[in-house]
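Input: a single structure, listed below in structure tokens.
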Amino acid sequence: MSSLSATIQDVFNEPGCGKNANKSEAERKKGCTKQLQPGGAAGGCAFDGAKIALQPLTDVAHLVHGPIACEGNSWDNRGAKSSGSNLWRTGFTTDINETDVVFGGEKRLYKSIKEIIEKYDPPAVFVYQTCVPAMIGDDIDAVCKAAREKFGKPVIPVNSPGFVGPKNLGNKLAGEALLQHVIGTEEPDYTTPYDLNIIGEYNLSGELWQVKPLLDEIGIRVLSCISGDGKYREVAYSHRAKAAMMVCSKAMINVARKMEERYGIPFFEGSFYGIEDTSDSLREIARLLIERGAPSDLMDRTEAVIAREEARAWAAIAKFKPRFEGKKVLLITGGVKSWSVVAALQEAGLELVGTSVKKSTKEDKERIKELMGQDAHMIEDMTPREMYKMLKDARADIMLSGGRSQFIALKASMPWLDINQERHHAYMGYVGMVKLVEEIDKALYNPVWAQVRKPAPWEDPSTNWQSKAIAAAEAEAAALAADPVKAEEVRRAKKICNCKSVELGVIEDAILANGLTTVEGVREHTNASGGCGACAIRIDEILELMAPVAPPIAAE
Amino acid sequence: MATVTVGKKACSVNPLKMSQPIGGALAFMGLRGAMPLLHGSQGCTSFGLVLFTRHFKEAIPMQTTAMSEVATVLGGYENVEQAILNIYKRAKPEIIGICSTGVTETKGDDVDGYIRQIRAKHSDVANLPIVYVSTPDFKDAFQDGWGKTVAKIVEALVEAPKNTSRRDATRVNVLPGSHLTPGDLDELRTIIEDFGLEPTFLPDLSGSLDGHIPDDFTPTTIGGVGVEEVAAMGQAGWTIAIGEQMRLAAEAMKDKTGIPYRLFERLCGLEPNDAFIAFLSEISGRPAPMKYRRQRGQLVDAMLDGHFHIGGRKVAIGAEPDLLHDVGGLLTEMGAHILVAVTTTQSPILERIATDDVLIGDLEDLENLARERGCDLLVTHSHGRQGAARLKIPFFRIGIPMFDRLGGGHQLTVGYRGGRDLIFDISNLLMADHEENHEPTPESWRGGVESLHTASH
Ligand code: SF4
């Protein structure tokens, strides 16, 4: 087994990952190597994920070894912010050509490292592997080692070529590179009992700076942020922190967990999105630090700051409550932000009509249910048309989302707010929450919506595309209502497992025919969840729904 | 005139170049009901998608064969097959356009062979138009991918006329280079139609990526030129190709249909448009409409007004060969000096650029040379922003990507009107820079004649 596949195996065995805990041994081995459906997917690659995770390290030269596609099409496209060096925004790539493909690209890579060190003298060079050099067998570990010895500078191989898997795998492989080559290699000038690591925070739009002043005030020192506005040296001595907070879902869980294992740094998983989440996180930080020996008055200072900031934020948000009365939000986003933003929006008095759980883990989903009540309308896979219909039926007044779905809202002339990676505003902490609420208000009440919805002078509003889309959707619904057989067919045809293309009906039949009660059983019979395993949650739910009624439990 | 050199560095810093598969994919987006498909790993498509979404501010149709590590070793037949079938099922495209990538070219997948097998095996897609172009990432650049793709579309889809005497002299094929925006195509359509001619654009991004509101939500392209319209291009009387990159496609059209072509290397500036209007006049047999006589006057006037600001400027320009030649030409004709020209790929046009040397290089080269040679105007795509900030000189954005300003898809360079607007925009930028940074002070000329060489203009 090559060292890369060993690392990938290791990452998949991550016990700290909630997704993995739900998987069987065999499933776990397969890990998240989701077999993507050709012609039906377009997520970022593992290289993309690795770069997202590490590029916010500001003083490092990030060198991409590959053809122009990997860096040339994508550089300087992230919204992370730096308080110091701008070197991280410089695009370095070996831009390999045909000759390199035939004869190998190692020489070019070595020379590239040399050029970068001579011209830019960074504290470290990170070298990212991509698909083509991986295919032709360029050994970036060996080149980095040779360069490190020759130039006396850390040259870190990040072995995460695109084709090994999706973005989230790349996040973790990036973490492995830090664990293997960076963390623990230097010592801080001094330590304090208040030294904290923040892991998995990328400082998009500078959002870390919405929270950091509070930490400063309380007296907590961010020893290292991995990797937002981070510096190489800070990561290298991050093993001296007393405690860690892990943000952004599970992106770098392996880093947090292995640092706990190796260096005894306890961590918790928290979020700075939303007022209550922020307060909880601050408390948890203080608690962990006190546990590790910080004086207990740290908690008093923390509580004082929380009380003051909460009061201010609530007062600022209260002004909006009457304006938001009866306003509904359609939230479409994945992963951790689903639940953390839900909480925040409800604080502002908005009603949520649905939230996407496509990328959420089971825990996230439970959080949403908790927050929104059991009837939460979960939107697993809305089609654009359904999404439009939902907006249009005034079941939603505004849509919050990222990426592609924005065009549906904008073309449907409905208010929309970007809460994606490339967004321009920062929404973290107390300030961020108030900012988010302000932005929602600005979007909701902008007169432009009324303007752009006006029909053109030559247009018959009954035949425009909007009404056609709705009519088509309604006709479909009516046809189904009138035809129970067809409706059942459509219901059963719902794709549950996207990787192996298994439909609901097939799963139901298998459960009934074989009396299945476990996800493993379903997989054996139908192959569902035999790919990435993400649909195990949905299969669990189907099993739950179809479970024979349990015999009444006898009173003790 | 210019000597062309290829940079000697091992490491490209701040790339100017983008890859050729996404140039090819963009060309496919100018077809109606198309689904561009990159035969490669998922990331290649994802980066292209993000890039175009940020540039056009539109939903972009683009798919991937999602090659895994194992598939790249075993070959991609199954991935291509599944991708075609899935796209056919879900998106109901009128055409699928496949571009290879570095990942699949390293192994050397025989995609044309795959397509034959797939058609034989699945009757559903036996007649679905599928066009394949070989566009390895480790060769050439964006405009090459675009040019090759259009040539392949012509070879695959244009029908040779059965009877050449039935050629329709009023119909004109237009093959625009990738350096023209959807806005440019709209302008060209108006001009050509004003001569009573009927143009067919291949590709036609003006219908698909011009920011209009779609009739319904479709996963494929909306608008663009239809497959049957492309087939009918064989009936046209003339082909107009714009940019040297389109010579390949124009030749393909001529080989297949016998239609003569005229290649316009540039459509930005006075002389190129005089030639263009004269040509339209000639093939249509109509005099230039009044409107264009007036517009010509306006361009001449703009050149006179603008030359005060643009004349004598020391320009550093980074762009793909045709765009470099086009916009660089206008600036030269306004009295600016192109002191630094950096481009992405080889082209016969490069030697004719009015400058000493053209470098195939990157934005680090552009920035360093601009500093060395004391340039006071930087012209390149949005990625020039960091360098411009360091150089502290005015920065004018042209080309793809333009992600940090609005309206990239509508920026006009063609026609008399395009030249006029471009002159205004650049002159305004220079005037604003003068007001902000170069107003004279009591100290400006204290150094006497010496100060002329350090002071600003
Ligand atoms: S999938 Fe591979 S070749 Fe494509 S962008 Fe990602 S690393 Fe580069």
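In the structure tokens, chains take letters A, B, ... by order of appearance, with residues numbered from 1 within each chain and ligands from 1 in the order shown.
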Inset, instruction - Identify, on the basis of only C-alpha atoms, every residue whose closest approach to B:Pro182 does not exceed 10 Å; exclude the query and any residue fewer than 2 positions from it along the same chain; express the result as an MDAnalysis selection string. - result: chainID B and resid 30 56 178:180 184:188 204:211 408:412
Inset, instruction - Compile the residues of chain A that lie within 6 Å of chain B, evaluated using only C-alpha atoms, and express the compilation as a PyMOL selection string. - result: chain A and resi 38-39+42-45+67-69+72-74+90-94+96-98+108+111-112+132+163-164+465
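Each of B:Met253, B:Leu270, B:Leu280, B:Val414 was checked against B:Leu197 using only C-alpha atoms; the smallest atom-to-atom distance is that of B:Leu280.
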Inset, instruction - May I ask for the distance between atom CA of B:Ala319 and atom CA of B:Ile400, given in Å to one decimal place? - result: 9.1 Å
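Near A:Arg292, within 12 Å and counting only C-alpha atoms, sit Thr192, Pro193, Tyr194, Asp195, Leu196, Ala241, Lys242, Ala243, Ala244, Gly264, Ile265, Pro266, Phe267, Ile285, Ala286, Arg287, Leu288, Leu289, Ile290, Ala294, Pro295 and Ser296 of chain A, not including residues fewer than 2 positions from it in the same chain.
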Legend entry - Nearest to ligand 1 by atom-to-atom distance, counting only C-alpha atoms and all ligand atoms, from B:Asp362, B:Ser100, B:Phe28, B:Gln346: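 So, comparing all the options, the nearest one is B:Ser100.
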